[in-house]
>>> print(open('input_7.txt').read())   # compact mmCIF, N, CA and C atoms
# COMPACT_ATOMS: atom_id res chain seq x y z
N MET A 1 -30.65 15.31 -23.99
CA MET A 1 -30.07 14.05 -24.36
C MET A 1 -28.69 13.92 -23.73
N LYS A 2 -28.47 12.82 -23.01
CA LYS A 2 -27.18 12.60 -22.36
C LYS A 2 -26.35 11.65 -23.21
N LEU A 3 -25.13 12.06 -23.47
CA LEU A 3 -24.23 11.22 -24.25
C LEU A 3 -23.46 10.24 -23.38
N PHE A 4 -23.15 10.68 -22.17
CA PHE A 4 -22.35 9.85 -21.27
C PHE A 4 -23.16 9.55 -20.02
N LYS A 5 -23.08 8.34 -19.57
CA LYS A 5 -23.74 7.97 -18.33
C LYS A 5 -22.81 8.29 -17.17
N ALA A 6 -23.38 8.79 -16.10
CA ALA A 6 -22.59 9.05 -14.90
C ALA A 6 -22.34 7.71 -14.22
N THR A 7 -21.07 7.40 -14.06
CA THR A 7 -20.73 6.14 -13.40
C THR A 7 -20.56 6.41 -11.92
N PRO A 8 -21.22 5.62 -11.09
CA PRO A 8 -21.07 5.83 -9.65
C PRO A 8 -19.67 5.43 -9.20
N VAL A 9 -19.14 6.19 -8.26
CA VAL A 9 -17.81 5.91 -7.74
C VAL A 9 -17.92 4.79 -6.73
N ASN A 10 -17.17 3.75 -6.94
CA ASN A 10 -17.17 2.63 -6.03
C ASN A 10 -16.36 3.01 -4.80
N SER A 11 -17.04 3.15 -3.67
CA SER A 11 -16.36 3.59 -2.45
C SER A 11 -15.34 2.56 -1.98
N GLY A 12 -15.59 1.28 -2.25
CA GLY A 12 -14.63 0.26 -1.89
C GLY A 12 -13.33 0.40 -2.67
N TYR A 13 -13.44 0.72 -3.94
CA TYR A 13 -12.25 0.90 -4.77
C TYR A 13 -11.49 2.15 -4.33
N LYS A 14 -12.22 3.20 -3.98
CA LYS A 14 -11.58 4.43 -3.50
C LYS A 14 -10.85 4.18 -2.18
N THR A 15 -11.47 3.42 -1.31
CA THR A 15 -10.83 3.07 -0.04
C THR A 15 -9.58 2.24 -0.29
N LEU A 16 -9.66 1.34 -1.24
CA LEU A 16 -8.51 0.51 -1.59
C LEU A 16 -7.36 1.38 -2.12
N GLN A 17 -7.68 2.35 -2.96
CA GLN A 17 -6.65 3.25 -3.47
C GLN A 17 -6.01 4.05 -2.33
N ASP A 18 -6.82 4.51 -1.39
CA ASP A 18 -6.28 5.24 -0.24
C ASP A 18 -5.37 4.35 0.60
N ASP A 19 -5.76 3.10 0.79
CA ASP A 19 -4.93 2.16 1.56
C ASP A 19 -3.61 1.90 0.85
N ILE A 20 -3.64 1.82 -0.46
CA ILE A 20 -2.40 1.60 -1.22
C ILE A 20 -1.47 2.80 -1.06
N LYS A 21 -2.02 4.00 -1.12
CA LYS A 21 -1.20 5.21 -0.94
C LYS A 21 -0.60 5.26 0.46
N LYS A 22 -1.41 4.94 1.47
CA LYS A 22 -0.92 4.94 2.85
C LYS A 22 0.17 3.90 3.04
N THR A 23 -0.02 2.73 2.45
CA THR A 23 0.97 1.66 2.57
C THR A 23 2.26 2.03 1.86
N THR A 24 2.16 2.68 0.72
CA THR A 24 3.35 3.14 0.01
C THR A 24 4.13 4.13 0.86
N ASN A 25 3.42 5.07 1.47
CA ASN A 25 4.09 6.04 2.34
C ASN A 25 4.72 5.37 3.55
N GLU A 26 4.01 4.41 4.14
CA GLU A 26 4.54 3.69 5.29
C GLU A 26 5.78 2.90 4.92
N LEU A 27 5.78 2.30 3.75
CA LEU A 27 6.95 1.54 3.30
C LEU A 27 8.15 2.46 3.09
N GLN A 28 7.92 3.64 2.58
CA GLN A 28 9.01 4.61 2.40
C GLN A 28 9.57 5.03 3.75
N ILE A 29 8.71 5.24 4.73
CA ILE A 29 9.16 5.61 6.07
C ILE A 29 9.99 4.49 6.69
N VAL A 30 9.53 3.26 6.53
CA VAL A 30 10.26 2.12 7.08
C VAL A 30 11.65 2.02 6.46
N TYR A 31 11.74 2.18 5.14
CA TYR A 31 13.05 2.11 4.47
C TYR A 31 13.95 3.27 4.90
N ASN A 32 13.39 4.45 5.09
CA ASN A 32 14.19 5.58 5.57
C ASN A 32 14.72 5.30 6.98
N ASN A 33 13.87 4.76 7.84
CA ASN A 33 14.31 4.44 9.20
C ASN A 33 15.37 3.35 9.19
N LEU A 34 15.21 2.38 8.30
CA LEU A 34 16.18 1.29 8.21
C LEU A 34 17.55 1.80 7.78
N GLU A 35 17.57 2.80 6.92
CA GLU A 35 18.85 3.37 6.47
C GLU A 35 19.57 4.11 7.59
N ASN A 36 18.83 4.63 8.56
CA ASN A 36 19.42 5.49 9.58
C ASN A 36 19.65 4.83 10.92
N VAL A 37 19.31 3.56 11.06
CA VAL A 37 19.41 2.90 12.35
C VAL A 37 20.74 2.16 12.45
N VAL A 38 21.30 2.09 13.69
CA VAL A 38 22.57 1.40 13.90
C VAL A 38 22.45 0.28 14.92
N ASP A 39 21.44 0.29 15.76
CA ASP A 39 21.25 -0.73 16.77
C ASP A 39 20.81 -2.04 16.10
N PRO A 40 21.49 -3.15 16.38
CA PRO A 40 21.14 -4.42 15.72
C PRO A 40 19.69 -4.86 15.97
N ASP A 41 19.18 -4.62 17.14
CA ASP A 41 17.78 -4.99 17.41
C ASP A 41 16.81 -4.17 16.57
N LEU A 42 17.10 -2.89 16.41
CA LEU A 42 16.24 -2.05 15.58
C LEU A 42 16.36 -2.40 14.11
N ILE A 43 17.55 -2.83 13.69
CA ILE A 43 17.72 -3.26 12.30
C ILE A 43 16.81 -4.46 12.03
N ASP A 44 16.82 -5.43 12.95
CA ASP A 44 15.94 -6.58 12.80
C ASP A 44 14.47 -6.17 12.78
N TYR A 45 14.11 -5.23 13.64
CA TYR A 45 12.73 -4.75 13.71
C TYR A 45 12.30 -4.12 12.38
N TYR A 46 13.13 -3.26 11.83
CA TYR A 46 12.76 -2.58 10.59
C TYR A 46 12.76 -3.52 9.39
N ILE A 47 13.63 -4.53 9.41
CA ILE A 47 13.59 -5.52 8.34
C ILE A 47 12.27 -6.30 8.40
N TYR A 48 11.88 -6.70 9.60
CA TYR A 48 10.62 -7.41 9.79
C TYR A 48 9.44 -6.54 9.36
N GLN A 49 9.47 -5.26 9.77
CA GLN A 49 8.38 -4.36 9.41
C GLN A 49 8.34 -4.10 7.91
N ALA A 50 9.49 -3.98 7.28
CA ALA A 50 9.52 -3.77 5.82
C ALA A 50 8.92 -4.96 5.10
N LYS A 51 9.21 -6.16 5.58
CA LYS A 51 8.65 -7.36 4.96
C LYS A 51 7.13 -7.39 5.15
N ALA A 52 6.66 -7.05 6.35
CA ALA A 52 5.22 -7.07 6.61
C ALA A 52 4.48 -6.03 5.78
N VAL A 53 5.02 -4.83 5.68
CA VAL A 53 4.36 -3.77 4.92
C VAL A 53 4.39 -4.09 3.43
N SER A 54 5.49 -4.68 2.95
CA SER A 54 5.55 -5.01 1.52
C SER A 54 4.57 -6.14 1.18
N MET A 55 4.36 -7.06 2.11
CA MET A 55 3.36 -8.12 1.88
C MET A 55 1.96 -7.52 1.85
N ARG A 56 1.68 -6.55 2.72
CA ARG A 56 0.37 -5.88 2.71
C ARG A 56 0.19 -5.13 1.40
N TYR A 57 1.25 -4.48 0.90
CA TYR A 57 1.19 -3.75 -0.35
C TYR A 57 0.86 -4.69 -1.51
N LYS A 58 1.52 -5.84 -1.55
CA LYS A 58 1.25 -6.82 -2.61
C LYS A 58 -0.19 -7.31 -2.55
N PHE A 59 -0.68 -7.54 -1.34
CA PHE A 59 -2.06 -7.97 -1.17
C PHE A 59 -3.03 -6.92 -1.70
N LEU A 60 -2.80 -5.66 -1.36
CA LEU A 60 -3.69 -4.58 -1.80
C LEU A 60 -3.64 -4.42 -3.33
N ILE A 61 -2.48 -4.55 -3.91
CA ILE A 61 -2.34 -4.46 -5.36
C ILE A 61 -3.12 -5.58 -6.04
N ASN A 62 -3.02 -6.80 -5.49
CA ASN A 62 -3.77 -7.92 -6.06
C ASN A 62 -5.27 -7.70 -5.94
N CYS A 63 -5.72 -7.13 -4.83
CA CYS A 63 -7.14 -6.83 -4.66
C CYS A 63 -7.60 -5.80 -5.71
N ALA A 64 -6.77 -4.80 -5.96
CA ALA A 64 -7.10 -3.78 -6.95
C ALA A 64 -7.18 -4.39 -8.35
N LYS A 65 -6.27 -5.29 -8.67
CA LYS A 65 -6.30 -5.95 -9.97
C LYS A 65 -7.55 -6.78 -10.13
N GLN A 66 -7.97 -7.45 -9.07
CA GLN A 66 -9.20 -8.26 -9.15
C GLN A 66 -10.42 -7.38 -9.35
N LEU A 67 -10.45 -6.22 -8.69
CA LEU A 67 -11.60 -5.32 -8.87
C LEU A 67 -11.64 -4.74 -10.28
N GLU A 68 -10.49 -4.51 -10.87
CA GLU A 68 -10.45 -3.96 -12.23
C GLU A 68 -10.92 -4.99 -13.25
N ASN A 69 -10.75 -6.26 -12.96
CA ASN A 69 -11.14 -7.30 -13.89
C ASN A 69 -12.64 -7.62 -13.84
N ILE A 70 -13.30 -7.12 -12.83
CA ILE A 70 -14.75 -7.40 -12.71
C ILE A 70 -15.53 -6.53 -13.64
>>> encode(input="input_7.txt", output="structure tokens")
Amino acid sequence: MKLFKATPVNSGYKTLQDDIKKTTNELQIVYNNLENVVDPDLIDYYIYQAKAVSMRYKFLINCAKQLENI
């Protein structure tokens, strides 16, 4: 007699979690680079990249929330 059913792991959700972790790490790297750069062109580049990565992070978080609500 089984008391608990084995729930299949949703590979899409696992992939989403991996993407969120990678994006978090990438965002940390971008902020570290931004702190250490002095060239004005590179400052602009890292600000742009930080904005792009943070938007991707927000998108992934929203996708995860939608999957949890299903």
>>> atom_distance(input="input_7.txt", atom1="CA of Ile20 in chain A", atom2="CA of Arg56 in chain A")
8.9 Å
>>> closest_residue(input="input_7.txt", among="A:Asp44, A:Val38, A:Val30, A:Asn62", to="Gln17 in chain A", atoms="only C-alpha atoms")
A:Asn62
>>> closest_residue(input="input_7.txt", among="A:Asn69, A:Asn33, A:Tyr57, A:Ile43", to="Asp19 in chain A", atoms="all atoms listed in the file")
A:Tyr57
>>> atom_distance(input="input_7.txt", atom1="atom C of Met55 in chain A", atom2="CA of Thr15 in chain A")
16.7 Å
>>> atom_distance(input="input_7.txt", atom1="CA of Ser54 in chain A", atom2="CA of Leu27 in chain A")
6.9 Å
>>> closest_residue(input="input_7.txt", among="A:Phe59, A:Glu68, A:Pro40, A:Ala50", to="Asn25 in chain A", atoms="only C-alpha atoms")
A:Ala50
>>> residues_near_point(input="input_7.txt", point="(15.3, -2.9, 8.1)", cutoff="9 Å", atoms="only C-alpha atoms", output="NGL selection string")
:A and (30-35 or 37 or 42-51)
>>> axis_aligned_box(input="input_7.txt", around="range 34-49 of chain A", padding_each_side="3 Å", output="AutoDock Vina command-line options")
--center_x 15.5 --center_y -1.0 --center_z 11.9 --size_x 20.2 --size_y 18.9 --size_z 16.9
